[in-house]
>>> print(open('input-v4.cif').read())   # mmCIF, C-alpha atoms
data_model
#
loop_
_atom_site.label_atom_id
_atom_site.label_comp_id
_atom_site.auth_asym_id
_atom_site.auth_seq_id
_atom_site.Cartn_x
_atom_site.Cartn_y
_atom_site.Cartn_z
CA MET U 1 -13.64 3.44 4.32
CA PRO U 2 -15.00 1.87 7.54
CA ILE U 3 -12.59 1.49 10.44
CA LEU U 4 -10.97 -1.95 10.42
CA ASN U 5 -13.26 -4.39 12.19
CA LYS U 6 -13.78 -8.12 12.71
CA ASP U 7 -16.54 -8.33 10.10
CA MET U 8 -14.61 -6.63 7.31
CA GLN U 9 -14.28 -8.81 4.20
CA VAL U 10 -10.83 -9.00 2.67
CA CYS U 11 -9.93 -9.30 -1.01
CA ILE U 12 -6.37 -9.70 -2.22
CA SER U 13 -4.34 -9.89 -5.40
CA LEU U 14 -1.45 -12.24 -6.17
CA SER U 15 1.05 -11.13 -8.78
CA GLY U 16 4.69 -11.54 -9.63
CA ARG U 17 4.88 -7.75 -9.93
CA PRO U 18 2.20 -6.18 -7.68
CA SER U 19 0.91 -2.73 -8.56
CA ASN U 20 -1.52 -0.32 -6.94
CA LEU U 21 -3.97 -0.25 -9.87
CA GLY U 22 -6.34 -2.89 -8.49
CA THR U 23 -5.80 -1.83 -4.89
CA ARG U 24 -6.78 1.76 -5.59
CA PHE U 25 -9.68 0.82 -7.90
CA HIS U 26 -11.36 -1.53 -5.44
CA ASN U 27 -10.74 0.48 -2.28
CA PHE U 28 -11.95 3.67 -4.00
CA MET U 29 -15.31 2.05 -4.71
CA TYR U 30 -15.53 0.34 -1.30
CA ASP U 31 -15.13 3.78 0.24
CA GLU U 32 -17.60 5.51 -2.06
CA LEU U 33 -20.27 2.84 -1.58
CA GLY U 34 -19.63 2.39 2.15
CA LEU U 35 -18.84 -1.32 1.77
CA ASN U 36 -17.16 -3.14 4.64
CA PHE U 37 -14.35 -4.46 2.43
CA LEU U 38 -10.57 -4.10 2.18
CA TYR U 39 -8.31 -4.90 -0.81
CA LYS U 40 -4.56 -5.53 -0.55
CA ALA U 41 -1.95 -6.57 -3.15
CA PHE U 42 0.61 -9.31 -2.49
CA THR U 43 3.25 -11.39 -4.21
CA THR U 44 4.34 -14.85 -3.10
CA ASP U 45 6.84 -17.62 -3.69
CA ASP U 46 4.39 -20.11 -2.18
CA LEU U 47 1.23 -20.03 -4.29
CA GLU U 48 -0.25 -23.17 -2.74
CA GLY U 49 0.26 -21.74 0.74
CA ALA U 50 -1.29 -18.41 -0.29
CA ILE U 51 -4.43 -20.06 -1.66
CA ARG U 52 -4.64 -22.35 1.35
CA GLY U 53 -4.42 -19.23 3.53
CA MET U 54 -7.16 -17.54 1.52
CA ARG U 55 -9.43 -20.50 2.13
CA ALA U 56 -8.49 -20.90 5.81
CA LEU U 57 -8.83 -17.20 6.69
CA GLY U 58 -12.03 -16.68 4.74
CA PHE U 59 -10.73 -14.04 2.35
CA ARG U 60 -13.59 -13.18 0.03
CA GLY U 61 -11.74 -12.81 -3.25
CA CYS U 62 -8.41 -13.00 -5.00
CA SER U 63 -7.23 -11.39 -8.23
CA VAL U 64 -4.60 -13.53 -9.97
CA SER U 65 -1.95 -12.11 -12.30
CA MET U 66 1.12 -13.50 -14.04
CA PRO U 67 2.85 -15.82 -13.38
CA PHE U 68 0.09 -17.56 -11.39
CA LYS U 69 -2.85 -17.64 -13.83
CA GLU U 70 -2.33 -21.25 -14.88
CA ALA U 71 -0.53 -22.58 -11.82
CA VAL U 72 -3.51 -21.75 -9.60
CA ILE U 73 -5.92 -24.02 -11.50
CA PRO U 74 -5.29 -27.22 -9.46
CA LEU U 75 -5.83 -25.24 -6.25
CA VAL U 76 -9.46 -24.17 -6.84
CA ASP U 77 -12.69 -26.14 -6.59
CA VAL U 78 -14.77 -24.85 -9.51
CA MET U 79 -13.76 -23.42 -12.89
CA GLU U 80 -16.31 -21.17 -14.57
CA ALA U 81 -16.55 -21.37 -18.36
CA SER U 82 -14.54 -18.15 -18.87
CA ALA U 83 -11.52 -19.71 -17.11
CA ALA U 84 -11.99 -23.33 -18.21
CA ALA U 85 -12.18 -22.40 -21.90
CA ILE U 86 -8.74 -20.81 -21.88
CA GLU U 87 -7.17 -22.67 -18.94
CA SER U 88 -6.27 -19.37 -17.28
CA VAL U 89 -7.59 -17.79 -14.08
CA ASN U 90 -7.57 -14.16 -12.99
CA THR U 91 -10.34 -14.14 -10.35
CA ILE U 92 -11.18 -16.41 -7.43
CA VAL U 93 -14.23 -16.06 -5.20
CA ASN U 94 -14.43 -17.78 -1.82
CA ASP U 95 -17.89 -18.94 -0.74
CA ASP U 96 -17.49 -20.51 2.70
CA GLY U 97 -14.31 -22.32 1.69
CA ARG U 98 -15.42 -23.22 -1.84
CA LEU U 99 -13.17 -21.48 -4.37
CA THR U 100 -14.65 -20.61 -7.76
CA ALA U 101 -12.34 -19.37 -10.54
CA SER U 102 -13.17 -17.22 -13.55
CA ASN U 103 -11.39 -15.03 -16.08
CA THR U 104 -12.65 -11.46 -16.25
CA ASP U 105 -9.84 -10.55 -18.69
CA TYR U 106 -11.61 -12.72 -21.26
CA GLU U 107 -14.95 -11.15 -20.38
CA ALA U 108 -13.55 -7.61 -20.63
CA VAL U 109 -11.93 -8.20 -24.03
CA ALA U 110 -15.12 -9.81 -25.36
CA GLN U 111 -17.11 -6.78 -24.17
CA LEU U 112 -14.70 -4.33 -25.82
CA ILE U 113 -14.79 -6.22 -29.12
CA SER U 114 -18.57 -5.81 -29.06
CA GLU U 115 -18.67 -2.22 -27.81
CA HIS U 116 -16.15 -1.01 -30.39
CA GLY U 117 -18.09 -2.73 -33.16
CA LEU U 118 -15.21 -4.79 -34.54
CA ASP U 119 -16.26 -6.66 -37.69
CA PRO U 120 -15.97 -10.48 -37.42
CA ALA U 121 -14.90 -10.48 -41.07
CA ALA U 122 -11.81 -8.41 -40.21
CA ARG U 123 -8.28 -9.78 -40.51
CA VAL U 124 -6.66 -9.79 -37.06
CA VAL U 125 -3.09 -10.20 -35.86
CA VAL U 126 -2.37 -10.78 -32.17
CA ARG U 127 1.19 -10.40 -30.93
CA GLY U 128 1.91 -12.58 -27.89
CA SER U 129 1.25 -16.12 -26.67
CA GLY U 130 1.10 -15.91 -22.87
CA GLY U 131 -1.84 -16.18 -20.48
CA MET U 132 -3.40 -12.86 -21.43
CA ALA U 133 -2.94 -13.65 -25.12
CA LYS U 134 -5.05 -16.77 -24.59
CA ALA U 135 -7.84 -14.61 -23.19
CA VAL U 136 -7.63 -12.24 -26.16
CA VAL U 137 -7.49 -14.93 -28.86
CA ALA U 138 -10.32 -16.88 -27.23
CA ALA U 139 -12.45 -13.74 -27.07
CA PHE U 140 -11.96 -13.10 -30.78
CA ARG U 141 -12.85 -16.73 -31.55
CA GLY U 142 -15.93 -16.46 -29.34
CA ALA U 143 -16.96 -13.30 -31.22
CA GLY U 144 -16.89 -15.18 -34.53
CA PHE U 145 -13.57 -14.01 -36.02
CA ASP U 146 -12.20 -16.62 -38.44
CA ASP U 147 -9.15 -14.83 -39.88
CA LEU U 148 -6.61 -14.35 -37.07
CA THR U 149 -2.85 -14.77 -36.98
CA VAL U 150 -0.87 -15.30 -33.79
CA LEU U 151 2.48 -13.50 -34.01
CA ALA U 152 4.87 -14.98 -31.43
CA ARG U 153 8.59 -15.65 -31.25
CA ASN U 154 8.10 -18.56 -28.85
CA ALA U 155 8.10 -21.68 -31.04
CA GLU U 156 6.19 -23.69 -28.43
CA THR U 157 3.47 -21.44 -27.04
CA GLY U 158 2.83 -19.58 -30.32
CA PRO U 159 1.86 -22.58 -32.48
CA ALA U 160 0.02 -24.18 -29.53
CA LEU U 161 -2.15 -21.10 -29.00
CA ALA U 162 -2.93 -20.76 -32.71
CA GLU U 163 -3.75 -24.45 -33.10
CA LYS U 164 -6.00 -24.47 -30.03
CA TYR U 165 -8.34 -21.95 -31.65
CA GLY U 166 -7.86 -22.92 -35.29
CA TYR U 167 -5.74 -19.94 -36.31
CA ALA U 168 -2.42 -19.35 -38.09
CA TRP U 169 0.94 -18.74 -36.41
CA VAL U 170 3.95 -16.76 -37.60
CA ARG U 171 7.26 -16.05 -35.88
CA ASP U 172 8.07 -12.75 -37.62
CA GLU U 173 5.81 -9.81 -38.37
CA PRO U 174 4.05 -10.54 -41.68
CA GLU U 175 3.94 -8.04 -44.51
CA ALA U 176 0.27 -8.65 -45.22
CA SER U 177 -2.14 -5.96 -44.10
CA PHE U 178 -4.47 -6.52 -41.16
CA ASP U 179 -7.61 -4.71 -40.14
CA VAL U 180 -7.11 -5.17 -36.39
CA VAL U 181 -3.68 -5.31 -34.73
CA VAL U 182 -3.44 -6.36 -31.09
CA ASN U 183 -0.42 -6.24 -28.78
CA VAL U 184 -0.44 -8.64 -25.83
CA THR U 185 3.26 -8.42 -24.96
CA PRO U 186 5.20 -6.15 -22.56
CA ILE U 187 6.40 -4.04 -25.50
CA GLY U 188 5.55 -0.43 -24.67
CA MET U 189 5.31 -1.12 -20.96
CA GLN U 190 7.56 0.73 -18.55
CA GLY U 191 11.03 -0.79 -18.59
CA ALA U 192 13.48 -1.82 -21.28
CA ASP U 193 10.87 -1.82 -24.06
CA ALA U 194 9.06 1.35 -22.95
CA ALA U 195 9.88 3.28 -26.12
CA SER U 196 9.37 0.40 -28.56
CA LEU U 197 6.53 -0.12 -31.03
CA ALA U 198 4.85 -3.52 -30.95
CA PHE U 199 4.18 -3.31 -34.72
CA ASP U 200 5.79 -1.57 -37.67
CA GLU U 201 4.30 1.81 -38.57
CA PRO U 202 2.94 0.75 -42.01
CA LEU U 203 0.91 -1.99 -40.32
CA ILE U 204 -0.42 0.51 -37.78
CA GLU U 205 -1.35 3.01 -40.48
CA ARG U 206 -3.19 0.39 -42.57
CA ALA U 207 -5.21 -0.94 -39.64
CA SER U 208 -8.79 0.05 -38.92
CA THR U 209 -8.31 -0.58 -35.16
CA VAL U 210 -5.24 -0.78 -32.93
CA PHE U 211 -5.64 -2.60 -29.62
CA ASP U 212 -2.88 -2.54 -26.98
CA VAL U 213 -3.55 -4.64 -23.88
CA VAL U 214 -0.67 -3.02 -21.96
CA ALA U 215 -2.41 -1.32 -19.04
CA PHE U 216 0.33 0.94 -17.78
CA PRO U 217 1.00 3.37 -19.26
CA ALA U 218 -2.33 3.75 -21.03
CA GLU U 219 -0.68 5.80 -23.79
CA THR U 220 1.89 3.32 -25.03
CA PRO U 221 4.01 4.10 -28.09
CA LEU U 222 1.65 1.86 -30.10
CA ILE U 223 -1.43 3.77 -28.98
CA ALA U 224 0.30 7.12 -29.58
CA ALA U 225 1.32 6.06 -33.08
CA ALA U 226 -2.21 4.89 -33.87
CA ARG U 227 -3.72 8.17 -32.66
CA ALA U 228 -1.19 10.10 -34.76
CA ALA U 229 -2.24 8.06 -37.79
CA GLY U 230 -5.93 8.68 -37.06
CA THR U 231 -6.56 5.00 -36.35
CA PRO U 232 -9.22 4.13 -33.72
CA VAL U 233 -7.76 2.52 -30.60
CA ILE U 234 -8.69 0.23 -27.72
CA THR U 235 -6.40 0.66 -24.73
CA GLY U 236 -5.21 -1.58 -21.95
CA ALA U 237 -6.66 0.96 -19.53
CA GLU U 238 -10.11 0.02 -20.82
CA VAL U 239 -9.37 -3.67 -20.35
CA VAL U 240 -8.07 -3.36 -16.80
CA ALA U 241 -10.99 -1.14 -15.74
CA LEU U 242 -13.64 -3.49 -17.13
CA GLN U 243 -12.05 -6.63 -15.73
CA ALA U 244 -11.72 -4.96 -12.32
CA ALA U 245 -15.38 -3.94 -12.42
CA ARG U 246 -16.41 -7.53 -13.13
CA GLN U 247 -14.22 -8.73 -10.27
CA PHE U 248 -15.78 -6.10 -8.01
CA GLU U 249 -19.25 -7.42 -8.81
CA ARG U 250 -18.25 -11.00 -8.10
CA TYR U 251 -16.71 -10.05 -4.74
CA THR U 252 -19.42 -7.66 -3.53
CA GLY U 253 -22.56 -8.41 -5.53
CA VAL U 254 -22.65 -4.74 -6.64
CA ALA U 255 -22.66 -3.96 -10.37
CA LEU U 256 -20.87 -0.68 -11.06
CA THR U 257 -22.16 1.93 -13.49
CA ARG U 258 -19.99 3.08 -16.38
CA ASP U 259 -19.46 6.41 -14.59
CA GLN U 260 -18.31 4.62 -11.43
CA VAL U 261 -15.93 2.44 -13.42
CA GLU U 262 -14.42 5.46 -15.17
CA ARG U 263 -13.96 7.41 -11.93
CA ALA U 264 -12.44 4.44 -10.09
CA ALA U 265 -10.12 3.78 -13.04
CA ALA U 266 -9.04 7.43 -13.15
CA PHE U 267 -8.31 7.35 -9.42
CA SER U 268 -6.34 4.11 -9.73
CA ARG U 269 -4.08 5.66 -12.37
CA ALA U 270 -3.63 9.05 -10.68
CA GLU U 271 -0.97 7.93 -8.24
CA PRO U 272 2.44 9.46 -9.06
#
>>> encode(input="input-v4.cif", output="structure tokens")
Amino acid sequence: MPILNKDMQVCISLSGRPSNLGTRFHNFMYDELGLNFLYKAFTTDDLEGAIRGMRALGFRGCSVSMPFKEAVIPLVDVMEASAAAIESVNTIVNDDGRLTASNTDYEAVAQLISEHGLDPAARVVVRGSGGMAKAVVAAFRGAGFDDLTVLARNAETGPALAEKYGYAWVRDEPEASFDVVVNVTPIGMQGADAASLAFDEPLIERASTVFDVVAFPAETPLIAAARAAGTPVITGAEVVALQAARQFERYTGVALTRDQVERAAAFSRAEP
């Protein structure tokens, strides 16, 4: 990485729970490509002040994670279609003080649906109703899936998400079989629910694809159970790598190859 200098462009992330995944991914590729950029993760209790500082100091880009994905909307100047469609932002680019917001989570999920050849006629169940769940459900709607059920305990956000995209909502896990099961909750993430399964085993075994958006660890209990059952999987590690690559291109103008994305993702996850 170039020695710190006055011309270095700075990109940041804002998250309630900062991690080193994005920091290591972006800085790894800045170093490999010799780009005069620096990426640093932050949290804040003053979102408006942070975005005002980004604009005032000329920071090039900002990755936005929970709980700021919706709260940041009034603070930007332009909403790209990927963010406007789901009213959720995960990327901001600063062009001479003009802040443009997008959602590369949505773009990454849409790409994975296509690359894994998921059938639009499949029956899908998505567990979760937060900001990332909106990106996932919208991506399935955009890909032409008509039969999707939102599984969410929250009696406000669950029905609202389902209704927004013309889908069904249930509070408890249904007995009906589904072809694609998707977890967009913290279940399986490190912490209190680290050992828990997001879906019952019979549902996992009947599915043709299991998709867990949890990025860390990549091998969640849900993914492990699906592999054991011989069910094809899509992991959160794939999502976070693709969305980071799309952010990288927006910040730098450089489109990464699949090999570069895989190596940067491996490096980002290698930290003890």
>>> atom_distance(input="input-v4.cif", atom1="CA of Asp7 (chain U)", atom2="CA of Asn36 (chain U)")
7.6 Å
>>> resolve_selection(input="input-v4.cif", expression="the PyMOL selection byres ((chain U and resi 93-107) around 6)", output="list of chain:residue names")
U:Arg55, U:Arg60, U:Gly61, U:Val76, U:Asp77, U:Val78, U:Met79, U:Glu80, U:Ser82, U:Ala83, U:Val89, U:Asn90, U:Thr91, U:Ile92, U:Ala108, U:Val109, U:Ala110, U:Ala135, U:Ala139, U:Gln243
>>> resolve_selection(input="input-v4.cif", expression="the PyMOL selection byres ((chain U and resi 20-32) around 6)", output="list in words")
Met1, Ser19, Leu33, Gly34, Leu35, Tyr39, Lys40, Ala264, Ala265 and Ser268 of chain U
>>> closest_residue(input="input-v4.cif", among="U:Val210, U:Leu222, U:Ala244, U:Ala195", to="Ser63 (chain U)", atoms="only C-alpha atoms")
U:Ala244
>>> residues_around(input="input-v4.cif", residues="region 41-44 of chain U", least_positions_apart="4", cutoff="6 Å", atoms="all atoms listed in the file", output="tab-separated table (two decimals) with C-alpha atoms, in the frame of the given file")
chain	number	residue	atom	x	y	z
U	12	ILE	CA	-6.37	-9.70	-2.22
U	13	SER	CA	-4.34	-9.89	-5.40
U	14	LEU	CA	-1.45	-12.24	-6.17
U	15	SER	CA	1.05	-11.13	-8.78
U	16	GLY	CA	4.69	-11.54	-9.63
>>> resolve_selection(input="input-v4.cif", expression="the PyMOL selection byres ((chain U and resi 223-238) around 7)", output="MDAnalysis selection string")
chainID U and resid 204:205 207:215 218:222 239:242
>>> atom_distance(input="input-v4.cif", atom1="CA of Gly158 (chain U)", atom2="CA of Val184 (chain U)")
12.3 Å
